[in-house]
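Structure below is my_file-v9.pdb: PDB, C-alpha atoms.
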MODEL        1
ATOM      1  CA  MET B   1     -16.022 -24.653  -2.308
ATOM      2  CA  ILE B   2     -18.493 -25.296   0.520
ATOM      3  CA  LEU B   3     -18.979 -22.277   2.743
ATOM      4  CA  THR B   4     -18.476 -22.885   6.455
ATOM      5  CA  GLU B   5     -18.256 -20.654   9.500
ATOM      6  CA  LYS B   6     -14.809 -22.126  10.236
ATOM      7  CA  GLN B   7     -13.484 -20.943   6.867
ATOM      8  CA  LEU B   8     -14.673 -17.410   7.506
ATOM      9  CA  HIS B   9     -13.276 -17.532  11.052
ATOM     10  CA  ASP B  10      -9.852 -18.738   9.883
ATOM     11  CA  SER B  11      -9.630 -16.143   7.093
ATOM     12  CA  THR B  12     -10.680 -13.350   9.426
ATOM     13  CA  ALA B  13      -8.417 -14.500  12.271
ATOM     14  CA  TYR B  14      -5.401 -14.482   9.947
ATOM     15  CA  LEU B  15      -6.156 -10.936   8.772
ATOM     16  CA  LYS B  16      -6.742  -9.691  12.316
ATOM     17  CA  SER B  17      -3.389 -11.196  13.304
ATOM     18  CA  LYS B  18      -1.832  -9.048  10.563
ATOM     19  CA  GLY B  19      -3.477  -5.914  11.991
ATOM     20  CA  PHE B  20      -6.702  -5.690   9.990
ATOM     21  CA  GLU B  21      -8.703  -4.242  12.876
ATOM     22  CA  ALA B  22     -12.246  -2.842  12.585
ATOM     23  CA  PRO B  23     -12.296  -1.441   9.039
ATOM     24  CA  GLU B  24     -15.316   0.757   8.363
ATOM     25  CA  ILE B  25     -15.411   0.591   4.568
ATOM     26  CA  GLY B  26     -14.633  -2.128   2.049
ATOM     27  CA  ILE B  27     -13.568  -1.186  -1.477
ATOM     28  CA  VAL B  28     -13.411  -3.472  -4.533
ATOM     29  CA  LEU B  29     -11.253  -2.160  -7.375
ATOM     30  CA  GLY B  30     -11.960  -3.160 -10.972
ATOM     31  CA  THR B  31      -9.802  -3.627 -14.049
ATOM     32  CA  GLY B  32      -7.292  -0.799 -14.449
ATOM     33  CA  LEU B  33      -8.518   0.824 -11.228
ATOM     34  CA  GLY B  34      -5.793  -0.069  -8.750
ATOM     35  CA  LYS B  35      -4.099   3.248  -8.051
ATOM     36  CA  LEU B  36      -6.471   4.289  -5.274
ATOM     37  CA  VAL B  37      -4.320   2.177  -2.987
ATOM     38  CA  ASP B  38      -1.435   4.634  -3.460
ATOM     39  CA  GLU B  39      -3.410   7.096  -1.329
ATOM     40  CA  ILE B  40      -3.976   4.709   1.587
ATOM     41  CA  GLU B  41      -1.872   5.541   4.640
ATOM     42  CA  ASP B  42      -0.281   3.094   7.099
ATOM     43  CA  GLN B  43      -0.817   0.174   4.765
ATOM     44  CA  ILE B  44      -0.885  -3.464   5.810
ATOM     45  CA  VAL B  45      -0.879  -5.897   2.879
ATOM     46  CA  ALA B  46      -2.084  -9.489   2.756
ATOM     47  CA  HIS B  47      -1.595 -11.379  -0.508
ATOM     48  CA  TYR B  48      -4.477 -13.638  -1.467
ATOM     49  CA  ASN B  49      -2.225 -16.696  -1.560
ATOM     50  CA  GLN B  50      -1.449 -16.171   2.144
ATOM     51  CA  ILE B  51      -5.051 -15.845   3.376
ATOM     52  CA  PRO B  52      -6.652 -19.153   4.407
ATOM     53  CA  PHE B  53      -9.401 -20.294   2.005
ATOM     54  CA  PHE B  54      -9.004 -17.284  -0.294
ATOM     55  CA  PRO B  55      -9.092 -17.915  -4.046
ATOM     56  CA  LEU B  56      -6.193 -16.655  -6.184
ATOM     57  CA  ALA B  57      -6.502 -14.003  -8.913
ATOM     58  CA  THR B  58      -5.432 -15.434 -12.276
ATOM     59  CA  VAL B  59      -5.786 -12.339 -14.471
ATOM     60  CA  GLY B  60      -2.527 -10.450 -15.020
ATOM     61  CA  PHE B  61      -3.967  -6.987 -14.431
ATOM     62  CA  HIS B  62      -5.622  -8.064 -11.166
ATOM     63  CA  THR B  63      -2.795  -8.074  -8.619
ATOM     64  CA  GLY B  64      -4.365 -10.179  -5.870
ATOM     65  CA  LYS B  65      -4.014  -8.570  -2.470
ATOM     66  CA  LEU B  66      -6.041  -7.107   0.384
ATOM     67  CA  ILE B  67      -4.823  -3.750   1.629
ATOM     68  CA  TYR B  68      -5.769  -2.291   5.004
ATOM     69  CA  GLY B  69      -5.094   1.270   6.094
ATOM     70  CA  THR B  70      -6.457   4.777   6.470
ATOM     71  CA  PHE B  71      -8.139   6.698   3.664
ATOM     72  CA  GLU B  72      -9.623  10.121   4.393
ATOM     73  CA  GLY B  73      -9.422   9.443   8.114
ATOM     74  CA  LYS B  74     -11.348   6.162   7.964
ATOM     75  CA  LYS B  75     -10.133   2.584   8.234
ATOM     76  CA  VAL B  76     -10.603   0.787   4.917
ATOM     77  CA  VAL B  77      -9.898  -2.623   3.480
ATOM     78  CA  VAL B  78      -9.367  -2.724  -0.271
ATOM     79  CA  MET B  79      -9.517  -5.619  -2.710
ATOM     80  CA  GLN B  80      -6.872  -4.947  -5.339
ATOM     81  CA  GLY B  81      -7.843  -7.713  -7.717
ATOM     82  CA  ARG B  82     -11.216  -9.453  -7.873
ATOM     83  CA  PHE B  83     -12.420 -12.832  -9.123
ATOM     84  CA  HIS B  84     -14.573 -13.697 -12.136
ATOM     85  CA  LEU B  85     -16.582 -16.619 -13.456
ATOM     86  CA  TYR B  86     -14.470 -16.558 -16.619
ATOM     87  CA  GLU B  87     -11.414 -17.525 -14.573
ATOM     88  CA  GLY B  88     -13.084 -20.817 -13.653
ATOM     89  CA  TYR B  89     -14.192 -19.833 -10.160
ATOM     90  CA  ASP B  90     -17.660 -20.507  -8.857
ATOM     91  CA  LEU B  91     -19.864 -17.768  -7.456
ATOM     92  CA  MET B  92     -19.036 -18.695  -3.876
ATOM     93  CA  ASP B  93     -15.319 -18.201  -4.563
ATOM     94  CA  ILE B  94     -15.994 -14.878  -6.260
ATOM     95  CA  THR B  95     -17.972 -13.524  -3.319
ATOM     96  CA  TYR B  96     -15.965 -15.061  -0.474
ATOM     97  CA  PRO B  97     -13.895 -11.877   0.052
ATOM     98  CA  ILE B  98     -17.078  -9.840   0.575
ATOM     99  CA  ARG B  99     -18.076 -12.187   3.387
ATOM    100  CA  VAL B 100     -14.610 -11.920   4.917
ATOM    101  CA  MET B 101     -14.632  -8.108   4.785
ATOM    102  CA  HIS B 102     -18.057  -8.180   6.448
ATOM    103  CA  GLN B 103     -16.680 -10.450   9.171
ATOM    104  CA  LEU B 104     -13.843  -7.965   9.688
ATOM    105  CA  GLY B 105     -16.481  -5.337  10.430
ATOM    106  CA  ILE B 106     -17.057  -3.156   7.350
ATOM    107  CA  LYS B 107     -20.300  -1.158   7.440
ATOM    108  CA  LYS B 108     -20.375  -0.035   3.800
ATOM    109  CA  LEU B 109     -19.069  -1.395   0.492
ATOM    110  CA  PHE B 110     -17.740   0.610  -2.463
ATOM    111  CA  ILE B 111     -17.399  -1.209  -5.798
ATOM    112  CA  SER B 112     -15.793  -0.119  -9.057
ATOM    113  CA  ASN B 113     -15.543  -1.817 -12.421
ATOM    114  CA  ALA B 114     -14.579  -1.218 -16.023
ATOM    115  CA  SER B 115     -17.444  -1.770 -18.427
ATOM    116  CA  GLY B 116     -18.629  -1.129 -21.956
ATOM    117  CA  ALA B 117     -21.197   1.564 -22.750
ATOM    118  CA  ILE B 118     -24.396   0.139 -24.238
ATOM    119  CA  ASN B 119     -26.195   3.480 -23.958
ATOM    120  CA  LEU B 120     -24.792   5.422 -26.893
ATOM    121  CA  ASN B 121     -25.269   8.715 -25.057
ATOM    122  CA  PHE B 122     -22.467   7.548 -22.768
ATOM    123  CA  LYS B 123     -18.918   7.983 -24.030
ATOM    124  CA  LYS B 124     -15.595   6.248 -23.472
ATOM    125  CA  GLY B 125     -13.956   7.713 -20.371
ATOM    126  CA  ASP B 126     -17.268   8.642 -18.722
ATOM    127  CA  MET B 127     -18.467   7.093 -15.449
ATOM    128  CA  MET B 128     -21.821   5.597 -14.545
ATOM    129  CA  LEU B 129     -23.380   5.291 -11.117
ATOM    130  CA  ILE B 130     -25.051   1.882 -11.035
ATOM    131  CA  GLU B 131     -28.681   2.216  -9.980
ATOM    132  CA  ASP B 132     -29.820  -1.299 -10.870
ATOM    133  CA  HIS B 133     -28.520  -4.408 -12.587
ATOM    134  CA  ILE B 134     -29.406  -7.374 -14.770
ATOM    135  CA  ASN B 135     -27.856 -10.689 -13.764
ATOM    136  CA  LEU B 136     -26.974 -12.641 -16.929
ATOM    137  CA  GLN B 137     -24.399 -14.895 -15.277
ATOM    138  CA  GLY B 138     -26.766 -17.843 -15.124
ATOM    139  CA  SER B 139     -26.863 -18.455 -11.374
ATOM    140  CA  SER B 140     -26.763 -16.881  -7.910
ATOM    141  CA  PRO B 141     -24.071 -16.813  -5.199
ATOM    142  CA  LEU B 142     -26.880 -17.616  -2.744
ATOM    143  CA  ALA B 143     -27.812 -20.908  -4.433
ATOM    144  CA  PHE B 144     -26.202 -23.302  -1.966
ATOM    145  CA  LYS B 145     -27.647 -25.669   0.633
ATOM    146  CA  ASN B 146     -26.595 -24.002   3.870
ATOM    147  CA  VAL B 147     -27.150 -20.403   2.808
ATOM    148  CA  ALA B 148     -29.626 -19.862   5.675
ATOM    149  CA  GLN B 149     -26.698 -20.154   8.144
ATOM    150  CA  PHE B 150     -25.398 -16.856   6.812
ATOM    151  CA  GLY B 151     -28.567 -14.840   6.168
ATOM    152  CA  ASP B 152     -32.051 -15.026   4.692
ATOM    153  CA  ARG B 153     -32.360 -17.372   1.726
ATOM    154  CA  PHE B 154     -34.758 -15.065  -0.112
ATOM    155  CA  VAL B 155     -33.125 -11.641  -0.340
ATOM    156  CA  ASP B 156     -35.073  -8.567  -1.388
ATOM    157  CA  MET B 157     -33.465  -6.723  -4.334
ATOM    158  CA  LEU B 158     -35.824  -3.767  -4.686
ATOM    159  CA  GLU B 159     -32.914  -1.341  -4.163
ATOM    160  CA  PRO B 160     -29.679  -3.347  -4.331
ATOM    161  CA  TYR B 161     -27.608  -0.132  -4.417
ATOM    162  CA  ASP B 162     -27.947   2.151  -1.407
ATOM    163  CA  VAL B 163     -30.259   5.075  -2.174
ATOM    164  CA  ALA B 164     -28.671   7.492   0.305
ATOM    165  CA  MET B 165     -25.099   6.950  -0.897
ATOM    166  CA  ARG B 166     -26.227   7.222  -4.523
ATOM    167  CA  ALA B 167     -27.860  10.576  -3.782
ATOM    168  CA  LYS B 168     -24.726  11.846  -2.047
ATOM    169  CA  LEU B 169     -22.519  10.779  -4.961
ATOM    170  CA  ILE B 170     -24.734  12.586  -7.478
ATOM    171  CA  VAL B 171     -24.404  15.813  -5.474
ATOM    172  CA  ILE B 172     -20.650  15.325  -5.108
ATOM    173  CA  ALA B 173     -20.196  14.758  -8.849
ATOM    174  CA  LYS B 174     -22.033  18.001  -9.643
ATOM    175  CA  LYS B 175     -19.975  19.903  -7.084
ATOM    176  CA  GLU B 176     -16.725  18.447  -8.476
ATOM    177  CA  GLY B 177     -17.717  19.064 -12.098
ATOM    178  CA  ILE B 178     -17.488  15.337 -12.903
ATOM    179  CA  ARG B 179     -19.828  13.787 -15.442
ATOM    180  CA  LEU B 180     -21.561  10.879 -13.718
ATOM    181  CA  HIS B 181     -24.272   9.092 -15.653
ATOM    182  CA  ARG B 182     -26.836   6.903 -13.942
ATOM    183  CA  GLY B 183     -27.928   3.568 -15.319
ATOM    184  CA  VAL B 184     -28.371  -0.188 -15.359
ATOM    185  CA  TYR B 185     -25.397  -2.572 -15.404
ATOM    186  CA  ALA B 186     -25.665  -5.979 -17.070
ATOM    187  CA  SER B 187     -23.288  -8.675 -15.843
ATOM    188  CA  VAL B 188     -22.307 -11.459 -18.267
ATOM    189  CA  VAL B 189     -19.947 -14.419 -17.938
ATOM    190  CA  GLY B 190     -17.233 -13.599 -20.510
ATOM    191  CA  PRO B 191     -14.327 -13.703 -21.125
ATOM    192  CA  GLN B 192     -15.258 -13.135 -24.763
ATOM    193  CA  LEU B 193     -16.781  -9.769 -25.499
ATOM    194  CA  GLU B 194     -20.246  -9.498 -26.966
ATOM    195  CA  THR B 195     -21.320  -9.898 -30.567
ATOM    196  CA  LYS B 196     -23.193  -7.154 -32.389
ATOM    197  CA  ALA B 197     -26.420  -9.104 -31.890
ATOM    198  CA  GLU B 198     -25.732  -9.439 -28.162
ATOM    199  CA  TYR B 199     -25.144  -5.686 -27.814
ATOM    200  CA  ARG B 200     -28.489  -5.074 -29.523
ATOM    201  CA  MET B 201     -30.127  -7.553 -27.133
ATOM    202  CA  LEU B 202     -28.626  -5.818 -24.086
ATOM    203  CA  ASN B 203     -29.923  -2.487 -25.316
ATOM    204  CA  ILE B 204     -33.429  -3.941 -25.730
ATOM    205  CA  LEU B 205     -33.234  -5.377 -22.195
ATOM    206  CA  GLY B 206     -32.567  -1.905 -20.809
ATOM    207  CA  ALA B 207     -28.862  -2.171 -19.974
ATOM    208  CA  ASP B 208     -26.769   0.999 -20.104
ATOM    209  CA  ALA B 209     -23.438  -0.759 -19.547
ATOM    210  CA  VAL B 210     -22.096  -4.314 -19.614
ATOM    211  CA  GLY B 211     -19.302  -6.072 -17.754
ATOM    212  CA  MET B 212     -18.211  -9.384 -16.259
ATOM    213  CA  SER B 213     -18.253  -8.683 -12.519
ATOM    214  CA  THR B 214     -19.931  -6.791  -9.660
ATOM    215  CA  VAL B 215     -23.394  -8.397  -9.572
ATOM    216  CA  PRO B 216     -22.338 -11.484  -7.551
ATOM    217  CA  GLU B 217     -20.661  -9.260  -4.953
ATOM    218  CA  VAL B 218     -23.714  -7.007  -4.801
ATOM    219  CA  ILE B 219     -26.080  -9.945  -4.269
ATOM    220  CA  VAL B 220     -23.979 -11.216  -1.368
ATOM    221  CA  ALA B 221     -23.638  -7.742   0.133
ATOM    222  CA  ASN B 222     -27.439  -7.484   0.108
ATOM    223  CA  HIS B 223     -27.561 -10.912   1.750
ATOM    224  CA  LEU B 224     -25.359  -9.457   4.488
ATOM    225  CA  ARG B 225     -27.450  -6.242   4.654
ATOM    226  CA  LEU B 226     -24.372  -4.260   3.678
ATOM    227  CA  PRO B 227     -25.057  -0.894   1.960
ATOM    228  CA  ILE B 228     -23.365  -0.639  -1.452
ATOM    229  CA  VAL B 229     -22.425   2.066  -3.899
ATOM    230  CA  ALA B 230     -20.984   1.077  -7.286
ATOM    231  CA  VAL B 231     -19.431   3.046 -10.139
ATOM    232  CA  SER B 232     -18.580   1.825 -13.642
ATOM    233  CA  VAL B 233     -15.759   3.398 -15.620
ATOM    234  CA  LEU B 234     -16.884   3.193 -19.242
ATOM    235  CA  THR B 235     -13.880   2.044 -21.227
ATOM    236  CA  ASP B 236     -15.408   1.446 -24.671
ATOM    237  CA  GLU B 237     -18.499   2.246 -26.705
ATOM    238  CA  CYS B 238     -20.544  -0.791 -27.736
ATOM    239  CA  ASN B 239     -22.257   0.493 -30.865
ATOM    240  CA  PRO B 240     -23.284  -2.574 -32.894
ATOM    241  CA  ASP B 241     -23.495  -0.452 -36.049
ATOM    242  CA  ASN B 242     -19.919   0.768 -35.672
ATOM    243  CA  LEU B 243     -18.170  -1.946 -33.688
ATOM    244  CA  GLN B 244     -14.376  -2.022 -33.592
ATOM    245  CA  PRO B 245     -12.109  -4.968 -32.684
ATOM    246  CA  VAL B 246     -11.454  -5.153 -28.959
ATOM    247  CA  ASN B 247      -8.178  -3.751 -27.636
ATOM    248  CA  ILE B 248      -7.700  -4.818 -24.014
ATOM    249  CA  GLN B 249      -4.677  -2.578 -23.507
ATOM    250  CA  GLU B 250      -6.701   0.432 -24.663
ATOM    251  CA  ILE B 251      -9.513  -0.534 -22.265
ATOM    252  CA  ILE B 252      -7.045  -0.649 -19.378
ATOM    253  CA  ALA B 253      -5.497   2.668 -20.464
ATOM    254  CA  VAL B 254      -8.928   4.374 -20.500
ATOM    255  CA  ALA B 255      -9.687   2.983 -17.035
ATOM    256  CA  GLU B 256      -6.371   4.255 -15.696
ATOM    257  CA  HIS B 257      -6.917   7.674 -17.256
ATOM    258  CA  THR B 258     -10.397   8.001 -15.715
ATOM    259  CA  GLU B 259      -9.504   6.543 -12.326
ATOM    260  CA  PRO B 260      -8.438   9.863 -10.676
ATOM    261  CA  LYS B 261     -12.017  11.148 -11.088
ATOM    262  CA  MET B 262     -13.394   8.001  -9.485
ATOM    263  CA  VAL B 263     -10.963   8.396  -6.588
ATOM    264  CA  ARG B 264     -12.177  11.982  -6.114
ATOM    265  CA  LEU B 265     -15.769  10.764  -5.920
ATOM    266  CA  PHE B 266     -14.955   7.985  -3.458
ATOM    267  CA  ARG B 267     -12.812  10.288  -1.330
ATOM    268  CA  ALA B 268     -15.529  12.913  -1.053
ATOM    269  CA  LEU B 269     -18.204  10.309  -0.290
ATOM    270  CA  ILE B 270     -16.082   8.722   2.432
ATOM    271  CA  ASN B 271     -15.706  12.183   3.970
ATOM    272  CA  GLU B 272     -19.493  12.534   4.143
ATOM    273  CA  ILE B 273     -20.449   9.196   5.679
TER     274      ILE B 273
ENDMDL
END

Could I get this structure in the form of structure tokens?
Amino acid sequence: MILTEKQLHDSTAYLKSKGFEAPEIGIVLGTGLGKLVDEIEDQIVAHYNQIPFFPLATVGFHTGKLIYGTFEGKKVVVMQGRFHLYEGYDLMDITYPIRVMHQLGIKKLFISNASGAINLNFKKGDMMLIEDHINLQGSSPLAFKNVAQFGDRFVDMLEPYDVAMRAKLIVIAKKEGIRLHRGVYASVVGPQLETKAEYRMLNILGADAVGMSTVPEVIVANHLRLPIVAVSVLTDECNPDNLQPVNIQEIIAVAEHTEPKMVRLFRALINEI
């Protein structure tokens, strides 16, 4: 798609007509991490196929709707279902919802994902606060001709994840007795999982976890000067010397089992900002 101001206006106008008024926080939910929406009060739902210029989620466990409401006393808009390169979308499609949420008025962005643990000190069912990332998706969501209409072409990525929110989340995790690792997230294209050699390569590169999302959204959020905090739920252990066949249903089950702890972290952080 070609990004235009009219597209963003039409998408935003439709959502405002539904009652999506002045959300403070945007939340992107990853694979198996959709139950946070059960705690949102006074919900208004917009399905992706009803929003002008929105892409459609094609993965079965990504439901494909924007949910607006109140969570811990703050107005939030939640993406239940995100987009991926492996579905055939381009990076502009994948990040379009971030631009729309920004147009609606969000001031901060929370991101979650399910990922594999490269760092063998991290275990299945743990969580990792993303402190930095490695973009292995082969391109950038800012690599289009008219990008300067929407922000600076050359975006600084010294601290792509907000330092203050990261610090708060670390304190919250300790207070709540929740194990929260800190590390580097590598984003790959997928949908195939990595080979043993690729896991070894990622470890050499300094990645602590690997997944197929998040980085495009983070780049665009930085383009929009939108503070971000991101948490990975570690759903499998990527030990190349003891690698087991992938079981997607088990990955989803681990994400669902761990999700209540992630919700506790997000709830407490929202209370503090």

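When all atoms listed in the file are used to compute distances to Leu180 (chain B), the closest of the residues B:Leu224, B:Val147, B:Val45, B:Val231 turns out to be B:Val231.
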
Would you mind listing, for every residue of region 96-213 of chain B within 8 Å of region 9-24 of chain B, the two atoms forming the shortest contact and the distance between them in Å to one decimal, using only C-alpha atoms, sorted by chain and ascending residue number, as a Markdown table?
| residue | atom | partner | partner_atom | distance |
| --- | --- | --- | --- | --- |
| B:Val100 | CA | B:Thr12 | CA | 6.1 |
| B:Gln103 | CA | B:Thr12 | CA | 6.7 |
| B:Leu104 | CA | B:Ala22 | CA | 6.1 |
| B:Gly105 | CA | B:Ala22 | CA | 5.4 |
| B:Ile106 | CA | B:Glu24 | CA | 4.4 |
| B:Lys107 | CA | B:Glu24 | CA | 5.4 |
| B:Lys108 | CA | B:Glu24 | CA | 6.9 |

Tell me which residues the PyMOL selection byres ((chain B and resi 95-99) around 10) grabs here, as number ranges by chain. B: 1, 3, 7-8, 11-12, 26-28, 48, 53-55, 66, 79, 82-84, 90-94, 100-106, 109, 141-142, 150, 214-221, 223-224, 226

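Of the listed residues B:Gln249, B:Ser187, B:Asn203, B:Ser140, the one whose atoms come nearest to Asn113 (chain B) is B:Ser187, with distances taken using only C-alpha atoms.
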
Point out the residue among B:Lys65, B:Lys35, B:Lys74, B:His133 with the least atom-to-atom distance to Leu202 (chain B), counting only C-alpha atoms.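 Looking only at the distances to Leu202 (chain B), the closest residue turns out to be B:His133.
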
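Proximity ranking of B:Ile40, B:Leu269, B:Ala117, B:Leu234 relative to Ile172 (chain B) places B:Leu269 first, based on only C-alpha atoms.
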
Kindly give the distance, in Å, that separates CA of Pro240 (chain B) and CA of Ala255 (chain B), rounded to a single decimal. 21.6 Å

Atomic distance CA of Met157 (chain B) - CA of Asn222 (chain B), expressed in Å with one decimal: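 Interatomic distance, CA of Met157 (chain B) to CA of Asn222 (chain B): 7.5 Å.
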
Nearest candidate to Ile270 (chain B) (options B:Ile118, B:Val229, B:Ile130, B:Ala197; using all atoms listed in the file): B:Val229

Quick one: residues within 10 Å of Gln192 (chain B), all atoms listed in the file counted, chain neighbours fewer than 5 positions away excluded, as a list in words?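 Everything that qualifies: Tyr86, Met212 and Val246 of chain B.
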
Here CA of Arg153 (chain B) and CA of Ile51 (chain B) stand apart by 27.4 Å

Find, counting all atoms listed in the file, the residue in B:Ile25, B:Ile134, B:Leu129, B:Ile252 that gets nearest to Ser232 (chain B). B:Leu129

Using the chain letters and residue numbers of this document, give as a short mmCIF file (atom, residue, chain, number, x, y, z; two decimals) with C-alpha atoms, keeping the file's coordinate frame the residues selected by the PyMOL selection byres ((chain B and resi 239) around 8).
data_model
loop_
_atom_site.label_atom_id
_atom_site.label_comp_id
_atom_site.auth_asym_id
_atom_site.auth_seq_id
_atom_site.Cartn_x
_atom_site.Cartn_y
_atom_site.Cartn_z
CA ILE B 118 -24.40 0.14 -24.24
CA LEU B 120 -24.79 5.42 -26.89
CA LYS B 196 -23.19 -7.15 -32.39
CA TYR B 199 -25.14 -5.69 -27.81
CA GLU B 237 -18.50 2.25 -26.70
CA CYS B 238 -20.54 -0.79 -27.74
CA PRO B 240 -23.28 -2.57 -32.89
CA ASP B 241 -23.50 -0.45 -36.05
CA ASN B 242 -19.92 0.77 -35.67
CA LEU B 243 -18.17 -1.95 -33.69
#

Determine the residue membership of the PyMOL selection byres ((chain B and resi 34) around 12) for the file above and supply it as a PDB file with C-alpha atoms, in the frame of the given file.
ATOM      1  CA  ILE B  27     -13.568  -1.186  -1.477  1.00  0.00           C
ATOM      2  CA  VAL B  28     -13.411  -3.472  -4.533  1.00  0.00           C
ATOM      3  CA  LEU B  29     -11.253  -2.160  -7.375  1.00  0.00           C
ATOM      4  CA  GLY B  30     -11.960  -3.160 -10.972  1.00  0.00           C
ATOM      5  CA  THR B  31      -9.802  -3.627 -14.049  1.00  0.00           C
ATOM      6  CA  GLY B  32      -7.292  -0.799 -14.449  1.00  0.00           C
ATOM      7  CA  LEU B  33      -8.518   0.824 -11.228  1.00  0.00           C
ATOM      8  CA  LYS B  35      -4.099   3.248  -8.051  1.00  0.00           C
ATOM      9  CA  LEU B  36      -6.471   4.289  -5.274  1.00  0.00           C
ATOM     10  CA  VAL B  37      -4.320   2.177  -2.987  1.00  0.00           C
ATOM     11  CA  ASP B  38      -1.435   4.634  -3.460  1.00  0.00           C
ATOM     12  CA  GLU B  39      -3.410   7.096  -1.329  1.00  0.00           C
ATOM     13  CA  ILE B  40      -3.976   4.709   1.587  1.00  0.00           C
ATOM     14  CA  PHE B  61      -3.967  -6.987 -14.431  1.00  0.00           C
ATOM     15  CA  HIS B  62      -5.622  -8.064 -11.166  1.00  0.00           C
ATOM     16  CA  THR B  63      -2.795  -8.074  -8.619  1.00  0.00           C
ATOM     17  CA  GLY B  64      -4.365 -10.179  -5.870  1.00  0.00           C
ATOM     18  CA  LYS B  65      -4.014  -8.570  -2.470  1.00  0.00           C
ATOM     19  CA  LEU B  66      -6.041  -7.107   0.384  1.00  0.00           C
ATOM     20  CA  ILE B  67      -4.823  -3.750   1.629  1.00  0.00           C
ATOM     21  CA  VAL B  78      -9.367  -2.724  -0.271  1.00  0.00           C
ATOM     22  CA  MET B  79      -9.517  -5.619  -2.710  1.00  0.00           C
ATOM     23  CA  GLN B  80      -6.872  -4.947  -5.339  1.00  0.00           C
ATOM     24  CA  GLY B  81      -7.843  -7.713  -7.717  1.00  0.00           C
ATOM     25  CA  ARG B  82     -11.216  -9.453  -7.873  1.00  0.00           C
ATOM     26  CA  SER B 112     -15.793  -0.119  -9.057  1.00  0.00           C
ATOM     27  CA  ASN B 113     -15.543  -1.817 -12.421  1.00  0.00           C
ATOM     28  CA  ALA B 114     -14.579  -1.218 -16.023  1.00  0.00           C
ATOM     29  CA  ILE B 252      -7.045  -0.649 -19.378  1.00  0.00           C
ATOM     30  CA  ALA B 255      -9.687   2.983 -17.035  1.00  0.00           C
ATOM     31  CA  GLU B 256      -6.371   4.255 -15.696  1.00  0.00           C
ATOM     32  CA  HIS B 257      -6.917   7.674 -17.256  1.00  0.00           C
ATOM     33  CA  THR B 258     -10.397   8.001 -15.715  1.00  0.00           C
ATOM     34  CA  GLU B 259      -9.504   6.543 -12.326  1.00  0.00           C
ATOM     35  CA  PRO B 260      -8.438   9.863 -10.676  1.00  0.00           C
ATOM     36  CA  MET B 262     -13.394   8.001  -9.485  1.00  0.00           C
ATOM     37  CA  VAL B 263     -10.963   8.396  -6.588  1.00  0.00           C
TER      38      VAL B 263
END

Report the centre and edge lengths, in Å to one decimal, of an axis-aligned box enclosing every atom of region 119-136 of chain B listed in the file, padded by 4 Å on each side, as AutoDock Vina command-line options.
--center_x -21.9 --center_y -2.0 --center_z -18.4 --size_x 23.9 --size_y 29.4 --size_z 24.9

Near Asn119 (chain B), counting all atoms listed in the file, which residues have an atom at most 12 Å away, once you skip same-chain residues fewer than 2 positions from it, shown as a count of residues only? 32

Would you mind putting N, CA and C atoms back on region 101-112 of chain B and writing the result as a PDB file, keeping the file's coordinate frame?
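Resulting contents of part_13.pdb:
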ATOM      1  N   MET B 101     -14.675  -9.525   4.419  1.00  0.00           N
ATOM      2  CA  MET B 101     -14.632  -8.108   4.785  1.00  0.00           C
ATOM      3  C   MET B 101     -15.771  -7.770   5.749  1.00  0.00           C
ATOM      4  N   HIS B 102     -16.929  -8.387   5.529  1.00  0.00           N
ATOM      5  CA  HIS B 102     -18.057  -8.180   6.448  1.00  0.00           C
ATOM      6  C   HIS B 102     -17.719  -8.718   7.836  1.00  0.00           C
ATOM      7  N   GLN B 103     -17.089  -9.880   7.890  1.00  0.00           N
ATOM      8  CA  GLN B 103     -16.680 -10.450   9.171  1.00  0.00           C
ATOM      9  C   GLN B 103     -15.661  -9.551   9.875  1.00  0.00           C
ATOM     10  N   LEU B 104     -14.821  -8.883   9.100  1.00  0.00           N
ATOM     11  CA  LEU B 104     -13.843  -7.965   9.688  1.00  0.00           C
ATOM     12  C   LEU B 104     -14.524  -6.738  10.294  1.00  0.00           C
ATOM     13  N   GLY B 105     -15.732  -6.420   9.806  1.00  0.00           N
ATOM     14  CA  GLY B 105     -16.481  -5.337  10.430  1.00  0.00           C
ATOM     15  C   GLY B 105     -16.893  -4.188   9.531  1.00  0.00           C
ATOM     16  N   ILE B 106     -16.688  -4.289   8.207  1.00  0.00           N
ATOM     17  CA  ILE B 106     -17.057  -3.156   7.350  1.00  0.00           C
ATOM     18  C   ILE B 106     -18.559  -2.882   7.461  1.00  0.00           C
ATOM     19  N   LYS B 107     -18.904  -1.601   7.343  1.00  0.00           N
ATOM     20  CA  LYS B 107     -20.300  -1.158   7.440  1.00  0.00           C
ATOM     21  C   LYS B 107     -20.860  -0.730   6.083  1.00  0.00           C
ATOM     22  N   LYS B 108     -19.956  -0.444   5.136  1.00  0.00           N
ATOM     23  CA  LYS B 108     -20.375  -0.035   3.800  1.00  0.00           C
ATOM     24  C   LYS B 108     -19.386  -0.609   2.785  1.00  0.00           C
ATOM     25  N   LEU B 109     -19.887  -0.802   1.549  1.00  0.00           N
ATOM     26  CA  LEU B 109     -19.069  -1.395   0.492  1.00  0.00           C
ATOM     27  C   LEU B 109     -19.086  -0.497  -0.735  1.00  0.00           C
ATOM     28  N   PHE B 110     -17.901  -0.149  -1.223  1.00  0.00           N
ATOM     29  CA  PHE B 110     -17.740   0.610  -2.463  1.00  0.00           C
ATOM     30  C   PHE B 110     -17.208  -0.351  -3.525  1.00  0.00           C
ATOM     31  N   ILE B 111     -17.822  -0.317  -4.713  1.00  0.00           N
ATOM     32  CA  ILE B 111     -17.399  -1.209  -5.798  1.00  0.00           C
ATOM     33  C   ILE B 111     -17.130  -0.383  -7.049  1.00  0.00           C
ATOM     34  N   SER B 112     -16.064  -0.733  -7.754  1.00  0.00           N
ATOM     35  CA  SER B 112     -15.793  -0.119  -9.057  1.00  0.00           C
ATOM     36  C   SER B 112     -15.586  -1.221 -10.083  1.00  0.00           C
TER      37      SER B 112
END
